[in-house]
$ cat work.txt   # compact mmCIF, N, CA and C atoms
# COMPACT_ATOMS: atom_id res chain seq x y z
N MET R 1 95.65 96.90 11.50
CA MET R 1 94.92 98.14 11.69
C MET R 1 95.26 99.14 10.58
N LEU R 2 96.56 99.24 10.24
CA LEU R 2 96.99 100.17 9.19
C LEU R 2 96.42 99.77 7.83
N LEU R 3 96.41 98.47 7.54
CA LEU R 3 95.85 98.00 6.27
C LEU R 3 94.35 98.28 6.20
N PHE R 4 93.65 98.11 7.31
CA PHE R 4 92.22 98.38 7.34
C PHE R 4 91.93 99.86 7.07
N THR R 5 92.71 100.73 7.69
CA THR R 5 92.54 102.18 7.48
C THR R 5 92.85 102.54 6.03
N GLY R 6 93.91 101.96 5.49
CA GLY R 6 94.26 102.22 4.08
C GLY R 6 93.18 101.74 3.14
N TYR R 7 92.57 100.59 3.45
CA TYR R 7 91.48 100.08 2.63
C TYR R 7 90.29 101.02 2.66
N LYS R 8 89.99 101.56 3.82
CA LYS R 8 88.88 102.49 3.95
C LYS R 8 89.14 103.80 3.19
N LEU R 9 90.40 104.24 3.17
CA LEU R 9 90.74 105.48 2.46
C LEU R 9 90.72 105.29 0.95
N THR R 10 91.12 104.12 0.49
CA THR R 10 91.15 103.82 -0.94
C THR R 10 89.93 102.98 -1.26
N ARG R 11 88.86 103.63 -1.61
CA ARG R 11 87.62 102.94 -1.93
C ARG R 11 87.77 102.17 -3.24
N PRO R 12 87.10 101.05 -3.38
CA PRO R 12 87.14 100.30 -4.64
C PRO R 12 86.67 101.14 -5.83
N ALA R 13 85.78 102.09 -5.60
CA ALA R 13 85.32 102.96 -6.69
C ALA R 13 86.47 103.81 -7.23
N LEU R 14 87.39 104.23 -6.35
CA LEU R 14 88.55 105.01 -6.79
C LEU R 14 89.48 104.15 -7.66
N VAL R 15 89.67 102.91 -7.27
CA VAL R 15 90.51 102.00 -8.06
C VAL R 15 89.85 101.75 -9.42
N ALA R 16 88.55 101.54 -9.44
CA ALA R 16 87.83 101.32 -10.69
C ALA R 16 87.89 102.56 -11.59
N ALA R 17 87.79 103.73 -11.00
CA ALA R 17 87.87 104.97 -11.79
C ALA R 17 89.26 105.13 -12.42
N GLN R 18 90.31 104.81 -11.68
CA GLN R 18 91.66 104.89 -12.23
C GLN R 18 91.85 103.86 -13.34
N TYR R 19 91.26 102.69 -13.18
CA TYR R 19 91.35 101.64 -14.20
C TYR R 19 90.69 102.10 -15.50
N ARG R 20 89.55 102.75 -15.39
CA ARG R 20 88.83 103.24 -16.58
C ARG R 20 89.59 104.34 -17.30
N LEU R 21 90.45 105.07 -16.60
CA LEU R 21 91.23 106.14 -17.23
C LEU R 21 92.35 105.61 -18.12
N GLY R 22 92.64 104.32 -18.02
CA GLY R 22 93.63 103.72 -18.90
C GLY R 22 94.89 103.30 -18.17
N ARG R 23 95.68 102.53 -18.89
CA ARG R 23 96.90 101.95 -18.33
C ARG R 23 97.88 103.01 -17.86
N GLN R 24 97.94 104.10 -18.59
CA GLN R 24 98.90 105.16 -18.27
C GLN R 24 98.60 105.80 -16.91
N ARG R 25 97.38 105.81 -16.49
CA ARG R 25 97.01 106.36 -15.18
C ARG R 25 96.92 105.27 -14.11
N PHE R 26 96.50 104.06 -14.53
CA PHE R 26 96.26 103.00 -13.57
C PHE R 26 97.56 102.40 -13.02
N LEU R 27 98.53 102.14 -13.89
CA LEU R 27 99.77 101.52 -13.43
C LEU R 27 100.52 102.34 -12.38
N PRO R 28 100.74 103.66 -12.57
CA PRO R 28 101.39 104.42 -11.51
C PRO R 28 100.60 104.40 -10.20
N PHE R 29 99.28 104.39 -10.30
CA PHE R 29 98.43 104.34 -9.11
C PHE R 29 98.65 103.03 -8.34
N ILE R 30 98.62 101.92 -9.05
CA ILE R 30 98.81 100.61 -8.42
C ILE R 30 100.24 100.44 -7.92
N VAL R 31 101.22 100.90 -8.70
CA VAL R 31 102.62 100.82 -8.27
C VAL R 31 102.82 101.62 -6.99
N THR R 32 102.21 102.79 -6.91
CA THR R 32 102.33 103.62 -5.70
C THR R 32 101.74 102.90 -4.49
N ILE R 33 100.56 102.35 -4.65
CA ILE R 33 99.92 101.63 -3.53
C ILE R 33 100.77 100.44 -3.12
N GLY R 34 101.22 99.66 -4.10
CA GLY R 34 102.06 98.50 -3.79
C GLY R 34 103.36 98.88 -3.12
N ALA R 35 103.99 99.95 -3.59
CA ALA R 35 105.26 100.39 -3.01
C ALA R 35 105.06 100.92 -1.58
N ILE R 36 103.96 101.59 -1.34
CA ILE R 36 103.68 102.07 0.02
C ILE R 36 103.49 100.88 0.96
N LEU R 37 102.78 99.86 0.49
CA LEU R 37 102.57 98.68 1.33
C LEU R 37 103.86 97.89 1.54
N ALA R 38 104.72 97.86 0.51
CA ALA R 38 105.97 97.09 0.61
C ALA R 38 107.05 97.83 1.39
N THR R 39 107.07 99.15 1.33
CA THR R 39 108.11 99.93 2.01
C THR R 39 107.44 100.83 3.04
N ASP R 40 107.70 102.11 2.95
CA ASP R 40 107.01 103.07 3.81
C ASP R 40 106.36 104.14 2.95
N LEU R 41 105.69 105.08 3.55
CA LEU R 41 104.92 106.07 2.81
C LEU R 41 105.80 106.91 1.89
N LEU R 42 106.90 107.45 2.40
CA LEU R 42 107.75 108.33 1.60
C LEU R 42 108.36 107.59 0.42
N GLN R 43 108.94 106.42 0.66
CA GLN R 43 109.55 105.66 -0.43
C GLN R 43 108.49 105.23 -1.44
N GLY R 44 107.32 104.85 -0.98
CA GLY R 44 106.25 104.44 -1.87
C GLY R 44 105.79 105.56 -2.78
N VAL R 45 105.65 106.74 -2.21
CA VAL R 45 105.25 107.90 -3.02
C VAL R 45 106.34 108.24 -4.04
N LEU R 46 107.60 108.18 -3.64
CA LEU R 46 108.70 108.46 -4.56
C LEU R 46 108.75 107.44 -5.70
N ILE R 47 108.55 106.18 -5.37
CA ILE R 47 108.51 105.15 -6.42
C ILE R 47 107.34 105.40 -7.36
N GLY R 48 106.19 105.78 -6.83
CA GLY R 48 105.04 106.11 -7.67
C GLY R 48 105.31 107.32 -8.56
N LEU R 49 106.01 108.31 -8.03
CA LEU R 49 106.38 109.49 -8.82
C LEU R 49 107.29 109.11 -9.99
N VAL R 50 108.26 108.25 -9.72
CA VAL R 50 109.17 107.80 -10.78
C VAL R 50 108.39 107.05 -11.85
N CYS R 51 107.48 106.21 -11.44
CA CYS R 51 106.66 105.46 -12.39
C CYS R 51 105.80 106.41 -13.24
N ALA R 52 105.15 107.37 -12.60
CA ALA R 52 104.32 108.33 -13.33
C ALA R 52 105.15 109.18 -14.28
N THR R 53 106.36 109.56 -13.85
CA THR R 53 107.25 110.34 -14.71
C THR R 53 107.64 109.55 -15.94
N TYR R 54 107.90 108.27 -15.77
CA TYR R 54 108.23 107.40 -16.91
C TYR R 54 107.12 107.44 -17.95
N PHE R 55 105.88 107.26 -17.52
CA PHE R 55 104.76 107.26 -18.46
C PHE R 55 104.57 108.63 -19.10
N LEU R 56 104.80 109.68 -18.36
CA LEU R 56 104.68 111.04 -18.88
C LEU R 56 105.72 111.31 -19.97
N VAL R 57 106.96 110.95 -19.70
CA VAL R 57 108.03 111.16 -20.68
C VAL R 57 107.78 110.31 -21.92
N ARG R 58 107.37 109.08 -21.72
CA ARG R 58 107.12 108.19 -22.85
C ARG R 58 105.98 108.70 -23.73
N ALA R 59 104.94 109.23 -23.12
CA ALA R 59 103.81 109.75 -23.89
C ALA R 59 104.21 111.00 -24.68
N ASN R 60 104.98 111.88 -24.07
CA ASN R 60 105.36 113.12 -24.75
C ASN R 60 106.47 112.92 -25.76
N TYR R 61 107.33 111.95 -25.54
CA TYR R 61 108.44 111.72 -26.47
C TYR R 61 107.94 111.28 -27.83
N GLY R 62 106.99 110.39 -27.84
CA GLY R 62 106.54 109.83 -29.10
C GLY R 62 105.63 110.74 -29.90
N SER R 63 105.00 111.71 -29.29
CA SER R 63 104.00 112.49 -30.00
C SER R 63 104.42 113.92 -30.32
N ALA R 64 105.66 114.28 -30.08
CA ALA R 64 106.06 115.67 -30.27
C ALA R 64 106.38 116.01 -31.73
N LEU R 65 106.81 115.05 -32.52
CA LEU R 65 107.19 115.31 -33.90
C LEU R 65 106.49 114.33 -34.84
N ARG R 66 106.05 114.85 -35.97
CA ARG R 66 105.50 114.00 -37.03
C ARG R 66 106.18 114.42 -38.32
N PHE R 67 106.54 113.44 -39.13
CA PHE R 67 107.25 113.73 -40.37
C PHE R 67 106.49 113.16 -41.56
N THR R 68 106.45 113.98 -42.61
CA THR R 68 105.83 113.55 -43.86
C THR R 68 106.81 113.87 -44.98
N ARG R 69 107.01 112.90 -45.86
CA ARG R 69 107.91 113.12 -46.99
C ARG R 69 107.26 112.55 -48.24
N SER R 70 107.31 113.34 -49.29
CA SER R 70 106.77 112.92 -50.57
C SER R 70 107.73 113.38 -51.65
N GLY R 71 108.49 112.47 -52.18
CA GLY R 71 109.48 112.82 -53.20
C GLY R 71 110.50 113.80 -52.66
N GLN R 72 110.56 114.98 -53.27
CA GLN R 72 111.52 116.02 -52.86
C GLN R 72 110.95 116.95 -51.80
N HIS R 73 109.74 116.70 -51.34
CA HIS R 73 109.09 117.57 -50.37
C HIS R 73 109.15 116.94 -48.98
N ALA R 74 109.54 117.73 -48.00
CA ALA R 74 109.64 117.24 -46.62
C ALA R 74 108.88 118.20 -45.70
N LEU R 75 108.09 117.62 -44.80
CA LEU R 75 107.28 118.42 -43.88
C LEU R 75 107.36 117.84 -42.47
N PRO R 76 108.23 118.40 -41.61
CA PRO R 76 108.16 118.02 -40.20
C PRO R 76 107.16 118.91 -39.48
N ARG R 77 106.29 118.28 -38.67
CA ARG R 77 105.31 119.03 -37.88
C ARG R 77 105.70 118.92 -36.41
N LEU R 78 105.84 120.08 -35.76
CA LEU R 78 106.16 120.12 -34.35
C LEU R 78 104.85 120.29 -33.59
N ASN R 79 104.53 119.33 -32.74
CA ASN R 79 103.28 119.38 -31.99
C ASN R 79 103.37 120.32 -30.80
N THR R 80 102.46 120.23 -29.89
CA THR R 80 102.28 121.19 -28.81
C THR R 80 103.56 121.55 -28.07
N GLU R 81 104.28 120.57 -27.55
CA GLU R 81 105.49 120.85 -26.78
C GLU R 81 106.61 119.95 -27.27
N VAL R 82 107.67 120.56 -27.76
CA VAL R 82 108.81 119.82 -28.28
C VAL R 82 109.97 120.04 -27.34
N SER R 83 110.43 118.97 -26.71
CA SER R 83 111.49 119.08 -25.71
C SER R 83 112.82 118.57 -26.26
N PHE R 84 113.85 118.70 -25.46
CA PHE R 84 115.18 118.23 -25.84
C PHE R 84 115.19 116.72 -26.08
N LEU R 85 114.22 116.00 -25.55
CA LEU R 85 114.16 114.55 -25.76
C LEU R 85 113.95 114.20 -27.23
N ASN R 86 113.42 115.13 -28.01
CA ASN R 86 113.16 114.90 -29.43
C ASN R 86 114.29 115.37 -30.33
N ARG R 87 115.39 115.80 -29.75
CA ARG R 87 116.48 116.39 -30.51
C ARG R 87 117.09 115.41 -31.52
N ASN R 88 117.39 114.20 -31.10
CA ASN R 88 118.00 113.23 -32.02
C ASN R 88 117.07 112.85 -33.15
N GLU R 89 115.79 112.73 -32.85
CA GLU R 89 114.82 112.41 -33.88
C GLU R 89 114.75 113.52 -34.93
N LEU R 90 114.75 114.78 -34.49
CA LEU R 90 114.73 115.90 -35.42
C LEU R 90 116.01 115.94 -36.25
N ARG R 91 117.15 115.75 -35.61
CA ARG R 91 118.43 115.75 -36.35
C ARG R 91 118.45 114.66 -37.41
N ARG R 92 117.99 113.48 -37.04
CA ARG R 92 117.98 112.35 -37.99
C ARG R 92 117.09 112.67 -39.19
N TYR R 93 115.96 113.29 -38.93
CA TYR R 93 115.05 113.63 -40.02
C TYR R 93 115.66 114.71 -40.92
N LEU R 94 116.19 115.77 -40.31
CA LEU R 94 116.75 116.86 -41.10
C LEU R 94 117.94 116.40 -41.94
N SER R 95 118.73 115.47 -41.42
CA SER R 95 119.87 114.98 -42.20
C SER R 95 119.42 114.14 -43.39
N GLY R 96 118.19 113.64 -43.36
CA GLY R 96 117.68 112.84 -44.47
C GLY R 96 116.91 113.61 -45.51
N VAL R 97 116.77 114.93 -45.32
CA VAL R 97 116.06 115.74 -46.30
C VAL R 97 116.91 115.81 -47.58
N PRO R 98 116.31 115.49 -48.75
CA PRO R 98 117.09 115.46 -49.98
C PRO R 98 117.56 116.85 -50.40
N GLU R 99 118.77 116.91 -50.92
CA GLU R 99 119.31 118.17 -51.42
C GLU R 99 118.50 118.61 -52.63
N GLY R 100 118.20 119.90 -52.68
CA GLY R 100 117.41 120.43 -53.78
C GLY R 100 115.91 120.28 -53.55
N GLY R 101 115.52 119.75 -52.41
CA GLY R 101 114.10 119.54 -52.13
C GLY R 101 113.48 120.74 -51.42
N ASP R 102 112.21 120.63 -51.17
CA ASP R 102 111.47 121.66 -50.45
C ASP R 102 111.30 121.22 -49.00
N LEU R 103 111.59 122.12 -48.07
CA LEU R 103 111.44 121.83 -46.65
C LEU R 103 110.55 122.88 -46.03
N ILE R 104 109.48 122.43 -45.38
CA ILE R 104 108.60 123.32 -44.65
C ILE R 104 108.50 122.77 -43.23
N ILE R 105 108.85 123.59 -42.26
CA ILE R 105 108.74 123.19 -40.86
C ILE R 105 107.48 123.85 -40.30
N ASP R 106 106.51 123.03 -39.93
CA ASP R 106 105.23 123.53 -39.43
C ASP R 106 105.23 123.46 -37.91
N ALA R 107 105.30 124.63 -37.26
CA ALA R 107 105.25 124.71 -35.81
C ALA R 107 104.01 125.48 -35.37
N SER R 108 102.97 125.45 -36.21
CA SER R 108 101.77 126.25 -35.93
C SER R 108 101.01 125.77 -34.69
N GLN R 109 101.19 124.52 -34.29
CA GLN R 109 100.50 123.99 -33.11
C GLN R 109 101.36 124.04 -31.86
N SER R 110 102.60 124.52 -31.98
CA SER R 110 103.55 124.49 -30.87
C SER R 110 103.32 125.64 -29.90
N ARG R 111 103.28 125.29 -28.62
CA ARG R 111 103.25 126.30 -27.56
C ARG R 111 104.64 126.47 -26.97
N PHE R 112 105.43 125.39 -26.99
CA PHE R 112 106.77 125.43 -26.42
C PHE R 112 107.72 124.65 -27.32
N ILE R 113 108.81 125.29 -27.69
CA ILE R 113 109.88 124.62 -28.44
C ILE R 113 111.15 124.84 -27.65
N ASP R 114 111.76 123.75 -27.23
CA ASP R 114 112.97 123.81 -26.42
C ASP R 114 114.07 124.58 -27.15
N PRO R 115 114.88 125.36 -26.44
CA PRO R 115 115.96 126.11 -27.08
C PRO R 115 116.94 125.23 -27.86
N ASP R 116 117.16 124.00 -27.42
CA ASP R 116 118.04 123.08 -28.16
C ASP R 116 117.45 122.74 -29.53
N ILE R 117 116.14 122.58 -29.58
CA ILE R 117 115.48 122.29 -30.86
C ILE R 117 115.58 123.50 -31.78
N ARG R 118 115.36 124.69 -31.22
CA ARG R 118 115.49 125.92 -32.01
C ARG R 118 116.91 126.05 -32.57
N GLU R 119 117.89 125.75 -31.74
CA GLU R 119 119.30 125.83 -32.17
C GLU R 119 119.57 124.87 -33.33
N ASP R 120 119.07 123.65 -33.24
CA ASP R 120 119.27 122.69 -34.33
C ASP R 120 118.62 123.16 -35.62
N ILE R 121 117.43 123.74 -35.51
CA ILE R 121 116.75 124.25 -36.71
C ILE R 121 117.55 125.40 -37.32
N HIS R 122 118.04 126.32 -36.47
CA HIS R 122 118.83 127.44 -36.99
C HIS R 122 120.12 126.96 -37.64
N ARG R 123 120.78 125.98 -37.06
CA ARG R 123 122.01 125.44 -37.66
C ARG R 123 121.71 124.81 -39.02
N PHE R 124 120.61 124.08 -39.10
CA PHE R 124 120.24 123.45 -40.36
C PHE R 124 119.93 124.50 -41.41
N VAL R 125 119.18 125.54 -41.03
CA VAL R 125 118.83 126.61 -41.97
C VAL R 125 120.08 127.32 -42.45
N ASP R 126 121.00 127.65 -41.53
CA ASP R 126 122.24 128.31 -41.94
C ASP R 126 123.02 127.46 -42.93
N GLY R 127 123.11 126.17 -42.67
CA GLY R 127 123.80 125.26 -43.59
C GLY R 127 123.08 125.14 -44.92
N ALA R 128 121.75 125.12 -44.90
CA ALA R 128 120.97 125.01 -46.12
C ALA R 128 121.10 126.26 -46.97
N MET R 129 121.17 127.43 -46.33
CA MET R 129 121.30 128.68 -47.09
C MET R 129 122.66 128.76 -47.77
N ARG R 130 123.67 128.22 -47.12
CA ARG R 130 125.01 128.21 -47.74
C ARG R 130 125.05 127.25 -48.92
N ALA R 131 124.29 126.18 -48.87
CA ALA R 131 124.34 125.16 -49.91
C ALA R 131 123.59 125.59 -51.18
N VAL R 132 122.76 126.60 -51.13
CA VAL R 132 122.01 127.19 -52.24
C VAL R 132 121.11 126.18 -52.97
N SER R 133 121.29 124.91 -52.76
CA SER R 133 120.51 123.94 -53.51
C SER R 133 119.12 123.71 -52.91
N TRP R 134 118.81 124.36 -51.79
CA TRP R 134 117.48 124.21 -51.21
C TRP R 134 116.54 125.20 -51.87
N SER R 135 115.38 124.74 -52.30
CA SER R 135 114.51 125.64 -53.04
C SER R 135 113.55 126.45 -52.16
N SER R 136 113.22 125.97 -50.96
CA SER R 136 112.35 126.78 -50.11
C SER R 136 112.48 126.35 -48.65
N TYR R 137 112.08 127.27 -47.79
CA TYR R 137 112.12 127.03 -46.34
C TYR R 137 111.12 127.95 -45.68
N ALA R 138 110.28 127.43 -44.82
CA ALA R 138 109.31 128.28 -44.12
C ALA R 138 109.09 127.73 -42.71
N VAL R 139 108.87 128.64 -41.79
CA VAL R 139 108.60 128.26 -40.41
C VAL R 139 107.44 129.09 -39.92
N SER R 140 106.50 128.45 -39.23
CA SER R 140 105.42 129.19 -38.60
C SER R 140 105.19 128.63 -37.21
N THR R 141 104.81 129.50 -36.28
CA THR R 141 104.46 129.07 -34.92
C THR R 141 103.05 129.50 -34.61
N ALA R 142 102.52 129.02 -33.52
CA ALA R 142 101.14 129.33 -33.15
C ALA R 142 100.91 130.81 -32.97
N ASP R 143 101.88 131.54 -32.42
CA ASP R 143 101.71 132.97 -32.23
C ASP R 143 102.44 133.81 -33.28
N ARG R 144 102.75 133.18 -34.41
CA ARG R 144 103.38 133.84 -35.57
C ARG R 144 104.77 134.40 -35.30
N ARG R 145 105.42 133.95 -34.23
CA ARG R 145 106.79 134.36 -33.98
C ARG R 145 107.73 133.43 -34.71
N PRO R 146 108.85 133.93 -35.23
CA PRO R 146 109.80 133.04 -35.89
C PRO R 146 110.48 132.13 -34.87
N ILE R 147 110.83 130.95 -35.33
CA ILE R 147 111.56 130.02 -34.45
C ILE R 147 112.95 130.54 -34.36

$ encode --input "work.txt" --output "structure tokens"
Amino acid sequence: MLLFTGYKLTRPALVAAQYRLGRQRFLPFIVTIGAILATDLLQGVLIGLVCATYFLVRANYGSALRFTRSGQHALPRLNTEVSFLNRNELRRYLSGVPEGGDLIIDASQSRFIDPDIREDIHRFVDGAMRAVSWSSYAVSTADRRPI
């Protein structure tokens, strides 16, 4: 009886619509349904939440920073939201910037920059200013506030 009611609530059109939205939306949906059927409602929803969170973190982690380097010129671009998850990637990139090169940090598309990321940028800038061998440094944000 419970399976019949669940089938009626979850129309095949809903499953097809989730499938068309892509793997990132479809897998948490199917995992949630499977977990609800295998356990109970609360545990199934929690398992589905964990699955959806995994895909969310994975999607945001990979797309927050883009780096371009050409000879002595380095350009890291900070996308819409840069979280603490991107801290090691930013540190690794900044440590590889050649001495005496040009560094421009473009945060013009950023709406949110985690305080840890800001701290790393400030530490790098302070160290670069002491080294005198850096020829330029610029930072811009979407609302023209300094990082």

$ select_by_dssp --input "work.txt" --residues "region 61-108 of chain R" --states "alpha helix (DSSP H)" --output "list of chain:residue names"
R:Tyr61, R:Gly62, R:Ser63, R:Arg87, R:Asn88, R:Glu89, R:Leu90, R:Arg91, R:Arg92, R:Tyr93, R:Leu94, R:Ser95

$ atom_distance --input "work.txt" --atom1 "CA of Pro28 (chain R)" --atom2 "CA of Thr53 (chain R)"
8.9 Å

$ atom_distance --input "work.txt" --atom1 "CA of Glu119 (chain R)" --atom2 "CA of Leu85 (chain R)"
14.0 Å

$ residues_around --input "work.txt" --residues "Asp114 (chain R)" --least-positions-apart "6" --cutoff "9 Å" --atoms "only C-alpha atoms" --output "PyMOL selection string"
chain R and resi 81-84

$ write_last_selection --input "work.txt" --atoms "N, CA and C atoms" --output "compact mmCIF listing (two decimals), keeping the file's coordinate frame"
# COMPACT_ATOMS: atom_id res chain seq x y z
N GLU R 81 104.28 120.57 -27.55
CA GLU R 81 105.49 120.85 -26.78
C GLU R 81 106.61 119.95 -27.27
N VAL R 82 107.67 120.56 -27.76
CA VAL R 82 108.81 119.82 -28.28
C VAL R 82 109.97 120.04 -27.34
N SER R 83 110.43 118.97 -26.71
CA SER R 83 111.49 119.08 -25.71
C SER R 83 112.82 118.57 -26.26
N PHE R 84 113.85 118.70 -25.46
CA PHE R 84 115.18 118.23 -25.84
C PHE R 84 115.19 116.72 -26.08

$ axis_aligned_box --input "work.txt" --around "region 100-106 of chain R" --padding-each-side "3 Å" --output "JSON"
{"center_x": 111.7, "center_y": 121.7, "center_z": -45.8, "size_x": 19.0, "size_y": 10.3, "size_z": 21.9}

$ atom_distance --input "work.txt" --atom1 "atom N of His73 (chain R)" --atom2 "atom C of Phe112 (chain R)"
25.4 Å

$ closest_residue --input "work.txt" --among "R:Gln43, R:Gln72, R:Arg111, R:Arg23" --to "Glu99 (chain R)" --atoms "all atoms listed in the file"
R:Gln72

$ closest_residue --input "work.txt" --among "R:Arg20, R:Gly34, R:Thr10, R:Arg87" --to "Asp120 (chain R)" --atoms "only N, CA and C atoms"
R:Arg87

$ residues_around --input "work.txt" --residues "Val45 (chain R)" --least-positions-apart "3" --cutoff "8 Å" --atoms "all atoms listed in the file" --output "list in words"
Val31, Thr32, Ile33, Ala35, Ile36, Leu37, Asp40, Leu41, Leu42, Gly48, Leu49, Val50 and Cys51 of chain R
